[in-house]
file work.csv (CSV, C-alpha atoms and all ligand atoms)
chain,number,residue,atom,x,y,z
X,1,SER,CA,200.2,180.7,176.3
X,2,SER,CA,198.0,183.1,178.2
X,3,SER,CA,195.3,183.2,175.5
X,4,GLY,CA,195.1,179.4,175.1
X,5,TYR,CA,195.3,177.1,172.1
X,6,SER,CA,195.8,178.5,168.6
X,7,PHE,CA,193.3,178.1,165.9
X,8,ASP,CA,195.4,175.4,164.3
X,9,GLU,CA,195.9,173.5,167.7
X,10,VAL,CA,192.1,173.5,168.1
X,11,GLN,CA,191.6,172.1,164.5
X,12,SER,CA,194.2,169.4,165.2
X,13,ILE,CA,192.5,168.3,168.5
X,14,ALA,CA,189.2,168.1,166.6
X,15,GLU,CA,190.8,166.1,163.8
X,16,ASN,CA,192.1,163.6,166.4
X,17,ILE,CA,188.6,163.3,167.9
X,18,LYS,CA,187.1,162.8,164.4
X,19,SER,CA,189.2,159.6,164.1
X,20,HIS,CA,187.3,158.0,167.0
X,21,THR,CA,183.7,158.5,165.6
X,22,LYS,CA,181.7,158.7,162.4
X,23,ILE,CA,179.1,161.0,164.1
X,24,GLN,CA,179.2,164.5,162.7
X,25,PRO,CA,177.5,166.5,165.5
X,26,LYS,CA,175.3,169.5,164.8
X,27,ILE,CA,174.6,170.2,168.5
X,28,GLY,CA,176.9,170.3,171.5
X,29,ILE,CA,175.6,169.8,175.0
X,30,VAL,CA,177.6,170.6,178.1
X,31,CYS,CA,176.3,168.6,181.1
X,32,GLY,CA,176.2,170.3,184.5
X,33,SER,CA,176.8,168.8,187.9
X,34,GLY,CA,174.8,165.5,188.2
X,35,LEU,CA,173.2,166.1,184.8
X,36,GLY,CA,175.5,163.7,182.9
X,37,ASP,CA,172.9,161.0,182.7
X,38,LEU,CA,171.5,162.7,179.6
X,39,ALA,CA,174.1,160.6,177.8
X,40,ASN,CA,172.0,157.5,178.6
X,41,HIS,CA,169.5,158.8,176.1
X,42,VAL,CA,172.0,159.1,173.3
X,43,THR,CA,171.8,156.2,170.8
X,44,ASN,CA,174.5,154.7,168.6
X,45,SER,CA,176.9,156.3,170.9
X,46,ASP,CA,180.7,156.5,170.7
X,47,THR,CA,182.4,157.6,174.0
X,48,ILE,CA,185.8,159.1,174.2
X,49,CYS,CA,187.4,160.0,177.6
X,50,TYR,CA,189.0,163.4,177.8
X,51,SER,CA,192.2,161.7,178.9
X,52,GLN,CA,192.3,159.8,175.6
X,53,ILE,CA,192.4,163.1,173.6
X,54,PRO,CA,195.8,164.7,173.5
X,55,LYS,CA,195.7,168.3,174.9
X,56,PHE,CA,192.0,168.1,175.9
X,57,PRO,CA,191.5,169.5,179.4
X,58,VAL,CA,190.6,167.0,182.2
X,59,SER,CA,188.0,167.6,184.9
X,60,THR,CA,188.6,166.6,188.5
X,61,VAL,CA,185.2,167.3,190.2
X,62,PRO,CA,183.0,164.5,191.6
X,63,GLY,CA,179.9,164.2,189.3
X,64,HIS,CA,181.9,165.5,186.3
X,65,ASP,CA,183.5,162.3,184.8
X,66,GLY,CA,185.2,163.5,181.7
X,67,LYS,CA,183.8,161.9,178.6
X,68,LEU,CA,182.7,163.1,175.1
X,69,VAL,CA,179.6,161.1,174.1
X,70,PHE,CA,178.7,161.2,170.3
X,71,GLY,CA,175.4,159.8,169.0
X,72,LEU,CA,171.8,160.6,168.2
X,73,LEU,CA,169.5,162.4,170.5
X,74,GLY,CA,166.0,163.2,169.4
X,75,GLY,CA,167.1,161.9,166.0
X,76,LYS,CA,169.8,164.6,165.7
X,77,PRO,CA,173.6,164.0,165.7
X,78,VAL,CA,175.0,165.4,169.0
X,79,VAL,CA,178.2,165.5,171.1
X,80,LEU,CA,177.8,165.6,174.9
X,81,MET,CA,180.4,166.8,177.3
X,82,ARG,CA,180.0,164.7,180.4
X,83,GLY,CA,182.0,166.6,182.9
X,84,ARG,CA,183.0,170.2,182.4
X,85,ILE,CA,186.2,172.0,183.3
X,86,HIS,CA,185.7,174.6,186.1
X,87,TYR,CA,187.7,177.7,186.8
X,88,TYR,CA,187.8,176.9,190.6
X,89,GLU,CA,190.0,173.8,189.8
X,90,GLY,CA,192.8,176.3,188.9
X,91,HIS,CA,192.4,176.2,185.1
X,92,PRO,CA,193.0,179.4,183.3
X,93,MET,CA,189.6,180.8,182.0
X,94,TRP,CA,190.5,180.0,178.4
X,95,ARG,CA,190.9,176.3,179.1
X,96,VAL,CA,187.4,176.2,180.8
X,97,ALA,CA,185.9,177.2,177.4
X,98,VAL,CA,188.2,175.6,174.9
X,99,PRO,CA,186.0,172.5,174.5
X,100,VAL,CA,183.4,174.8,172.9
X,101,ARG,CA,186.0,175.8,170.2
X,102,ILE,CA,186.8,172.2,169.7
X,103,MET,CA,183.1,171.3,169.3
X,104,LYS,CA,182.8,174.1,166.8
X,105,ALA,CA,185.7,172.6,164.9
X,106,LEU,CA,183.8,169.3,165.0
X,107,GLY,CA,181.0,171.1,163.1
X,108,ILE,CA,178.3,172.0,165.7
X,109,THR,CA,176.2,175.1,165.0
X,110,THR,CA,174.3,175.2,168.4
X,111,VAL,CA,175.6,174.6,171.9
X,112,ILE,CA,173.3,173.8,174.9
X,113,LEU,CA,174.8,174.7,178.3
X,114,THR,CA,173.3,173.1,181.4
X,115,ASN,CA,174.3,173.8,184.9
X,116,ALA,CA,173.3,173.5,188.6
X,117,ALA,CA,172.9,176.9,190.2
X,118,GLY,CA,171.9,178.6,193.5
X,119,GLY,CA,168.6,180.5,193.5
X,120,LEU,CA,168.9,184.2,194.3
X,121,ASN,CA,165.4,185.3,193.2
X,122,PRO,CA,163.2,184.8,196.3
X,123,GLU,CA,160.3,183.6,194.2
X,124,TYR,CA,162.5,180.6,193.1
X,125,LYS,CA,162.4,177.2,194.8
X,126,THR,CA,164.8,174.3,194.9
X,127,GLY,CA,164.2,172.1,191.9
X,128,ASP,CA,163.1,174.9,189.6
X,129,ILE,CA,164.4,175.0,186.1
X,130,MET,CA,165.6,178.4,184.8
X,131,ILE,CA,166.0,179.2,181.1
X,132,ILE,CA,169.0,181.6,180.9
X,133,LYS,CA,167.9,184.9,179.4
X,134,ASP,CA,171.1,186.8,180.1
X,135,HIS,CA,174.3,186.5,182.2
X,136,ILE,CA,176.6,188.6,184.4
X,137,ASP,CA,180.3,187.7,183.8
X,138,LEU,CA,181.6,188.8,187.2
X,139,PRO,CA,185.1,187.4,186.6
X,140,GLY,CA,185.1,189.1,183.2
X,141,LEU,CA,184.1,192.5,184.7
X,142,THR,CA,187.0,192.1,187.1
X,143,GLY,CA,189.7,191.2,184.6
X,144,GLU,CA,189.3,187.5,184.0
X,145,CYS,CA,187.3,187.6,180.7
X,146,VAL,CA,187.7,184.3,178.8
X,147,LEU,CA,188.7,186.3,175.7
X,148,ILE,CA,191.6,188.2,177.2
X,149,GLY,CA,194.9,187.8,175.3
X,150,LYS,CA,195.8,187.6,171.6
X,151,ASN,CA,192.7,187.4,169.3
X,152,ASP,CA,192.6,185.2,166.2
X,153,GLU,CA,190.0,186.6,163.8
X,154,ARG,CA,189.4,183.0,162.6
X,155,PHE,CA,187.7,182.3,165.9
X,156,GLY,CA,185.9,185.7,166.0
X,157,PRO,CA,186.2,189.5,166.4
X,158,ARG,CA,188.5,191.3,168.8
X,159,PHE,CA,185.7,193.1,170.6
X,160,PRO,CA,182.6,190.9,170.3
X,161,ALA,CA,179.1,192.0,171.2
X,162,THR,CA,177.5,189.9,173.9
X,163,VAL,CA,174.0,191.2,173.8
X,164,ASN,CA,171.6,188.5,172.6
X,165,THR,CA,174.1,185.8,173.7
X,166,TYR,CA,171.2,183.5,174.5
X,167,ASP,CA,169.2,182.7,171.4
X,168,GLN,CA,165.6,184.1,171.8
X,169,SER,CA,163.9,181.6,169.5
X,170,LEU,CA,165.4,178.7,171.4
X,171,GLN,CA,164.3,180.2,174.7
X,172,ASP,CA,160.7,180.6,173.3
X,173,LEU,CA,160.8,177.0,172.0
X,174,ALA,CA,162.1,175.7,175.4
X,175,LYS,CA,159.4,177.6,177.2
X,176,THR,CA,156.6,176.1,175.0
X,177,ILE,CA,158.1,172.6,175.3
X,178,ALA,CA,158.4,172.9,179.1
X,179,GLU,CA,154.8,174.0,179.4
X,180,LYS,CA,153.6,171.1,177.2
X,181,LEU,CA,155.6,168.7,179.5
X,182,GLY,CA,153.7,170.1,182.5
X,183,TYR,CA,156.7,172.0,183.9
X,184,ALA,CA,155.0,175.5,183.9
X,185,LYS,CA,155.0,175.6,187.8
X,186,ILE,CA,158.8,175.0,188.0
X,187,LEU,CA,159.9,176.9,184.9
X,188,ARG,CA,161.7,180.3,185.3
X,189,GLN,CA,163.5,182.6,182.9
X,190,GLY,CA,166.3,184.8,184.4
X,191,THR,CA,169.8,186.1,184.7
X,192,TYR,CA,172.7,183.8,185.7
X,193,VAL,CA,175.7,185.3,187.4
X,194,MET,CA,179.1,183.5,187.4
X,195,VAL,CA,181.3,183.6,190.4
X,196,GLY,CA,184.8,182.0,190.3
X,197,GLY,CA,184.1,179.6,193.3
X,198,PRO,CA,185.0,177.2,194.9
X,199,THR,CA,183.3,178.9,198.0
X,200,PHE,CA,179.6,179.1,198.1
X,201,GLU,CA,178.5,182.6,198.8
X,202,THR,CA,178.3,184.4,202.1
X,203,VAL,CA,174.9,186.1,203.0
X,204,ALA,CA,176.4,189.5,202.1
X,205,GLU,CA,177.6,188.1,198.7
X,206,SER,CA,174.1,186.6,198.0
X,207,ARG,CA,172.5,189.9,198.7
X,208,LEU,CA,175.0,191.8,196.5
X,209,LEU,CA,174.5,189.4,193.6
X,210,ARG,CA,170.7,189.8,194.0
X,211,LEU,CA,171.2,193.6,194.0
X,212,PHE,CA,173.1,193.2,190.7
X,213,GLY,CA,169.8,191.7,189.3
X,214,ALA,CA,170.9,188.1,189.1
X,215,ASP,CA,168.3,185.4,189.6
X,216,ALA,CA,170.7,182.5,190.0
X,217,VAL,CA,174.5,182.0,190.7
X,218,GLY,CA,176.9,179.4,189.6
X,219,MET,CA,180.6,178.7,188.8
X,220,SER,CA,180.5,177.9,185.1
X,221,THR,CA,178.7,178.4,181.8
X,222,VAL,CA,179.5,182.1,181.2
X,223,PRO,CA,183.0,181.5,179.6
X,224,GLU,CA,181.5,178.8,177.4
X,225,ALA,CA,178.6,181.0,176.3
X,226,ILE,CA,180.9,183.9,175.5
X,227,VAL,CA,183.3,181.7,173.5
X,228,ALA,CA,180.4,180.1,171.7
X,229,ARG,CA,179.0,183.5,170.7
X,230,HIS,CA,182.5,184.7,169.7
X,231,CYS,CA,182.8,181.8,167.1
X,232,GLY,CA,179.3,182.2,165.8
X,233,LEU,CA,177.4,179.4,167.6
X,234,ARG,CA,173.8,179.6,168.6
X,235,VAL,CA,173.6,179.4,172.4
X,236,PHE,CA,170.9,178.0,174.8
X,237,GLY,CA,171.5,177.8,178.5
X,238,ILE,CA,169.5,176.3,181.3
X,239,SER,CA,170.0,176.1,185.1
X,240,LEU,CA,168.7,173.6,187.6
X,241,ILE,CA,168.1,175.4,190.9
X,242,THR,CA,169.6,173.0,193.4
X,243,ASP,CA,169.3,175.2,196.5
X,244,MET,CA,168.4,178.7,197.6
X,245,CYS,CA,171.3,181.1,198.6
X,246,PRO,CA,170.7,182.3,202.2
X,247,GLN,CA,169.9,186.0,202.1
X,248,ASP,CA,169.4,186.3,205.9
X,249,TYR,CA,171.7,185.6,208.9
X,250,ASN,CA,169.4,182.9,210.4
X,251,VAL,CA,171.1,180.4,208.1
X,252,SER,CA,170.0,177.0,209.3
X,253,ARG,CA,172.3,174.9,207.1
X,254,ALA,CA,175.0,175.7,204.5
X,255,THR,CA,174.8,174.5,200.9
X,256,THR,CA,176.8,171.4,200.1
X,257,HIS,CA,178.0,169.9,196.9
X,258,GLU,CA,176.3,166.6,197.9
X,259,GLU,CA,173.0,168.4,198.1
X,260,VAL,CA,173.6,169.9,194.6
X,261,LEU,CA,174.2,166.5,193.2
X,262,LEU,CA,171.2,165.1,195.0
X,263,VAL,CA,168.8,167.6,193.6
X,264,GLY,CA,170.5,167.1,190.2
X,265,GLU,CA,169.7,163.4,190.3
X,266,ARG,CA,166.1,164.1,191.4
X,267,ARG,CA,165.4,166.6,188.6
X,268,ALA,CA,167.7,165.1,186.0
X,269,LYS,CA,164.9,163.1,184.3
X,270,ASP,CA,162.8,166.3,183.8
X,271,LEU,CA,165.8,168.2,182.5
X,272,GLN,CA,166.7,165.4,180.2
X,273,LYS,CA,163.2,165.3,178.7
X,274,LEU,CA,163.2,169.0,178.2
X,275,VAL,CA,166.6,169.1,176.5
X,276,THR,CA,165.8,166.0,174.4
X,277,SER,CA,162.6,167.6,173.1
X,278,LEU,CA,164.4,170.9,172.5
X,279,VAL,CA,167.0,169.1,170.4
X,280,GLU,CA,164.3,167.1,168.5
X,281,GLN,CA,162.2,170.2,167.7
X,282,MET,CA,164.9,172.9,167.1
X,283,ASN,CA,165.5,173.8,163.4
X,284,ASP,CA,169.1,173.3,162.2
X,301,LIG,N1,174.4,178.6,196.5
X,301,LIG,C1,174.9,178.0,195.4
X,301,LIG,N2,174.3,176.9,195.0
X,301,LIG,C2,174.8,176.2,193.9
X,301,LIG,N3,174.4,175.1,193.3
X,301,LIG,C3,175.2,174.9,192.3
X,301,LIG,N4,176.1,175.8,192.2
X,301,LIG,C4,177.1,175.9,191.1
X,301,LIG,C5,178.4,175.4,191.6
X,301,LIG,N5,178.5,174.0,191.6
X,301,LIG,C6,179.7,173.5,192.2
X,301,LIG,C7,179.5,173.1,193.6
X,301,LIG,O1,178.3,172.3,193.7
X,301,LIG,C8,180.2,172.3,191.4
X,301,LIG,O2,180.6,172.7,190.1
X,301,LIG,C9,175.9,176.7,193.2
X,301,LIG,C10,176.5,177.9,193.6
X,301,LIG,O3,177.5,178.4,193.0
X,301,LIG,N6,176.0,178.5,194.7
call {"tool": "encode", "arguments": {"input": "work.csv", "output": "structure tokens"}}
result
Amino acid sequence: SSSGYSFDEVQSIAENIKSHTKIQPKIGIVCGSGLGDLANHVTNSDTICYSQIPKFPVSTVPGHDGKLVFGLLGGKPVVLMRGRIHYYEGHPMWRVAVPVRIMKALGITTVILTNAAGGLNPEYKTGDIMIIKDHIDLPGLTGECVLIGKNDERFGPRFPATVNTYDQSLQDLAKTIAEKLGYAKILRQGTYVMVGGPTFETVAESRLLRLFGADAVGMSTVPEAIVARHCGLRVFGISLITDMCPQDYNVSRATTHEEVLLVGERRAKDLQKLVTSLVEQMND
């Protein structure tokens, strides 16, 4: 249906998943392009392919192999989504975010959203890490909000507030951890704007998005963050800046997905350390 799986359908998908693992996750982590190797730090892990789970959406993007990885990270029970569902693949927006509702039904109380993004803020550099302070839901503003359609109060309210979507105390903790890890030089805190994709932006679009006040642009994360807040989860988001969006017409070379994955691999270790320490140090 247009507004996605019912509350009961979500519960039954979660029940099916629970039969594959004893881990009862407290934290859900959505891995962005090329950042799936965080799963290698999860111990005592159980891995379930999305395709093994009836009605779980399947991802088709290189660098996004669809697996749920349950286990311990930083001593805490977690579930990782290796491979996320993107709107640009043709999925309705609700299906992009339904894994968050399923992880909530599995018992998580916090979700960490990681992604690769293009830098719009001219002070940013490729390889920077941006803690997400706020977002601009461009698809939502133009009629594709993830919560459009029938609302079931068991998920959350009909008209949810979205101020303070990104938990302030987790942002502060992440900032402190990053500085202790020696990342102060590459650490940013800013606003993420979602575009539908799959095209990378034109120069005029990059300038427009910058005028909107966005510091980074991507094609994910916002639907997941909105649905997470809707059902009462604590949300933390972080972007790896994989390239700078051209704001002038002397564009030497265009952004490529390969470049995004390459920077992801180069920076993945640093992001993994940051996320692992955050999981370790966050209060329940
Ligand atoms: N300029 C720019 N750079 C980016 N790097 C990553 N993404 C997020 C989109 N990632 C896609 C394509 O790599 C795969 O999900 C973007 C983007 O949307 N724009």
call {"tool": "residues_near_ligand", "arguments": {"input": "work.csv", "ligand": "ligand LIG 301 (chain X)", "cutoff": "6 Å", "atoms": "all atoms listed in the file", "output": "PyMOL selection string"}}
result
chain X and resi 33+116-118+200+217-219+242-243+245+257+260
call {"tool": "residues_around", "arguments": {"input": "work.csv", "residues": "Val275 in chain X", "least_positions_apart": "6", "cutoff": "9 Å", "atoms": "only C-alpha atoms", "output": "ChimeraX atom specification"}}
result
/X:38,112,174
call {"tool": "closest_atom_pairs", "arguments": {"input": "work.csv", "of": "range 47-71 of chain X", "to": "range 84-95 of chain X", "cutoff": "8 Å", "atoms": "all atoms listed in the file", "output": "JSON lines"}}
result
{"residue": "X:Pro57", "atom": "CA", "partner": "X:Arg95", "partner_atom": "CA", "distance": 6.8}
{"residue": "X:Val58", "atom": "CA", "partner": "X:Ile85", "partner_atom": "CA", "distance": 6.8}
{"residue": "X:Ser59", "atom": "CA", "partner": "X:Ile85", "partner_atom": "CA", "distance": 5.0}
{"residue": "X:Thr60", "atom": "CA", "partner": "X:Glu89", "partner_atom": "CA", "distance": 7.4}
{"residue": "X:His64", "atom": "CA", "partner": "X:Arg84", "partner_atom": "CA", "distance": 6.2}
{"residue": "X:Gly66", "atom": "CA", "partner": "X:Arg84", "partner_atom": "CA", "distance": 7.1}
call {"tool": "residues_near_point", "arguments": {"input": "work.csv", "point": "(189.8, 185.3, 167.1)", "cutoff": "10 Å", "atoms": "all atoms listed in the file", "output": "NGL selection string"}}
result
:X and (6-7 or 147 or 149-160 or 227 or 230-231)
call {"tool": "atom_distance", "arguments": {"input": "work.csv", "atom1": "CA of Pro25 in chain X", "atom2": "CA of Leu233 in chain X"}}
result
13.1 Å
call {"tool": "closest_residue", "arguments": {"input": "work.csv", "among": "X:Glu205, X:Ile241, X:Asp137, X:Arg253", "to": "Ala268 in chain X", "atoms": "all atoms listed in the file"}}
result
X:Ile241
call {"tool": "closest_residue", "arguments": {"input": "work.csv", "among": "X:Asn121, X:Thr43, X:Ser220, X:Thr142", "to": "Gln247 in chain X", "atoms": "all atoms listed in the file"}}
result
X:Asn121
call {"tool": "closest_residue", "arguments": {"input": "work.csv", "among": "X:Gln11, X:Lys269, X:Ile129, X:Thr276", "to": "Ala184 in chain X", "atoms": "all atoms listed in the file"}}
result
X:Ile129
call {"tool": "residues_around", "arguments": {"input": "work.csv", "residues": "Gly28 in chain X", "least_positions_apart": "3", "cutoff": "10 Å", "atoms": "all atoms listed in the file", "output": "PyMOL selection string"}}
result
chain X and resi 25+31+68-70+77-81+99-100+103-104+106-113+233+235
call {"tool": "atom_distance", "arguments": {"input": "work.csv", "atom1": "CA of Val193 in chain X", "atom2": "CA of Arg267 in chain X"}}
result
21.4 Å
call {"tool": "decode", "arguments": {"input": "work.csv", "residues": "range 218-236 of chain X", "atoms": "N, CA, C and O atoms", "output": "mmCIF file, in the first residue's frame"}}
result
data_model
loop_
_atom_site.group_PDB
_atom_site.id
_atom_site.type_symbol
_atom_site.label_atom_id
_atom_site.label_comp_id
_atom_site.auth_asym_id
_atom_site.auth_seq_id
_atom_site.Cartn_x
_atom_site.Cartn_y
_atom_site.Cartn_z
ATOM 1 N N GLY X 218 23.394 14.458 0.027
ATOM 2 C CA GLY X 218 23.418 13.017 -0.223
ATOM 3 C C GLY X 218 22.064 12.543 -0.693
ATOM 4 O O GLY X 218 21.169 13.353 -0.915
ATOM 5 N N MET X 219 21.935 11.213 -0.840
ATOM 6 C CA MET X 219 20.715 10.644 -1.410
ATOM 7 C C MET X 219 20.071 9.648 -0.438
ATOM 8 O O MET X 219 19.417 8.695 -0.855
ATOM 9 N N SER X 220 20.265 9.876 0.845
ATOM 10 C CA SER X 220 19.747 8.900 1.832
ATOM 11 C C SER X 220 19.513 9.574 3.178
ATOM 12 O O SER X 220 19.406 10.782 3.266
ATOM 13 N N THR X 221 19.463 8.760 4.237
ATOM 14 C CA THR X 221 19.559 9.161 5.645
ATOM 15 C C THR X 221 18.355 9.930 6.188
ATOM 16 O O THR X 221 17.851 9.623 7.268
ATOM 17 N N VAL X 222 17.841 10.911 5.438
ATOM 18 C CA VAL X 222 16.731 11.736 5.950
ATOM 19 C C VAL X 222 15.465 10.909 6.197
ATOM 20 O O VAL X 222 14.879 10.996 7.297
ATOM 21 N N PRO X 223 15.045 10.056 5.259
ATOM 22 C CA PRO X 223 13.837 9.258 5.553
ATOM 23 C C PRO X 223 14.029 8.379 6.795
ATOM 24 O O PRO X 223 13.131 8.251 7.627
ATOM 25 N N GLU X 224 15.219 7.808 6.916
ATOM 26 C CA GLU X 224 15.491 6.947 8.073
ATOM 27 C C GLU X 224 15.455 7.756 9.374
ATOM 28 O O GLU X 224 14.904 7.306 10.391
ATOM 29 N N ALA X 225 16.017 8.972 9.325
ATOM 30 C CA ALA X 225 16.052 9.808 10.536
ATOM 31 C C ALA X 225 14.639 10.226 10.946
ATOM 32 O O ALA X 225 14.278 10.185 12.138
ATOM 33 N N ILE X 226 13.815 10.570 9.961
ATOM 34 C CA ILE X 226 12.441 11.015 10.246
ATOM 35 C C ILE X 226 11.628 9.858 10.852
ATOM 36 O O ILE X 226 10.966 10.001 11.879
ATOM 37 N N VAL X 227 11.730 8.691 10.241
ATOM 38 C CA VAL X 227 10.979 7.522 10.735
ATOM 39 C C VAL X 227 11.487 7.112 12.122
ATOM 40 O O VAL X 227 10.707 6.754 13.002
ATOM 41 N N ALA X 228 12.788 7.265 12.329
ATOM 42 C CA ALA X 228 13.356 6.912 13.651
ATOM 43 C C ALA X 228 12.782 7.834 14.728
ATOM 44 O O ALA X 228 12.321 7.382 15.781
ATOM 45 N N ARG X 229 12.766 9.139 14.438
ATOM 46 C CA ARG X 229 12.218 10.093 15.419
ATOM 47 C C ARG X 229 10.743 9.819 15.637
ATOM 48 O O ARG X 229 10.225 9.892 16.738
ATOM 49 N N HIS X 230 10.050 9.491 14.519
ATOM 50 C CA HIS X 230 8.590 9.277 14.580
ATOM 51 C C HIS X 230 8.264 8.182 15.595
ATOM 52 O O HIS X 230 7.316 8.292 16.367
ATOM 53 N N CYS X 231 9.105 7.117 15.605
ATOM 54 C CA CYS X 231 8.796 5.988 16.515
ATOM 55 C C CYS X 231 9.624 6.068 17.799
ATOM 56 O O CYS X 231 9.750 5.085 18.515
ATOM 57 N N GLY X 232 10.182 7.261 18.091
ATOM 58 C CA GLY X 232 10.750 7.504 19.416
ATOM 59 C C GLY X 232 12.179 7.061 19.629
ATOM 60 O O GLY X 232 12.648 6.962 20.767
ATOM 61 N N LEU X 233 12.913 6.788 18.539
ATOM 62 C CA LEU X 233 14.329 6.395 18.696
ATOM 63 C C LEU X 233 15.195 7.650 18.873
ATOM 64 O O LEU X 233 14.837 8.732 18.412
ATOM 65 N N ARG X 234 16.322 7.486 19.519
ATOM 66 C CA ARG X 234 17.341 8.537 19.592
ATOM 67 C C ARG X 234 18.153 8.417 18.302
ATOM 68 O O ARG X 234 18.467 7.301 17.872
ATOM 69 N N VAL X 235 18.471 9.531 17.653
ATOM 70 C CA VAL X 235 19.109 9.493 16.329
ATOM 71 C C VAL X 235 20.465 10.201 16.356
ATOM 72 O O VAL X 235 20.586 11.301 16.915
ATOM 73 N N PHE X 236 21.471 9.556 15.776
ATOM 74 C CA PHE X 236 22.769 10.197 15.531
ATOM 75 C C PHE X 236 23.118 9.961 14.070
ATOM 76 O O PHE X 236 22.974 8.844 13.561
#
